[in-house]
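> I'd like to ask some things about the structure below.
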Amino acid sequence: MNDEVKIIPHIEPKWPVRAYAHIISPLSAEDGGGFLITLPRSSGCMSDGETEAEAVGKNGRDAFNAVISALHDMGREIPAPSFSPEDATAPSASGKFVARVPNPSTPS
């Protein structure tokens, strides 16, 4: 079994997070409360925070930087900032967290 974790180097994004369309939605008490920020054109990038400022500020910026760095590491194109009417549709939050992890039986 491979117990190593790949460290992805941070890259400076070509455009700042504030250049991208984003949606801020309140989270229900069932989902932990606070606010959810999503950046629809940034590969499903989302984060949350107890306040709108926390969701948009450090937490949203950290999530955006992680997504951009991961896209760069995988050799994928980093999307340019844009906006479409679909971007203004707030996502639904189920409260579920899904993470993809490598299959330990698959050689890397």
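Residues are referred to by chain and number: the chain letter is A, B, ... according to the order shown in the structure tokens, the number counts from 1 in that chain, and ligands are numbered separately from 1 in the order shown.
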Write out as a ChimeraX atom specification which residues come within 6 Å of stretch 66-82 of chain A when counting only C-alpha atoms, dropping same-chain ones fewer than 4 positions away.

/A:10-11,19-20

> What is the atom CA of A:Gly32 to atom CA of A:Ser47 distance in Å?

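Computing it gives 12.7 Å between the two atoms.
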
> So that I can check the surroundings of A:Asp48, please list as a ChimeraX atom specification every protein, DNA and RNA residue that reaches within 7 Å of it, counting only C-alpha atoms and ignoring chain neighbours fewer than 2 positions away.

/A:35-37,55,59
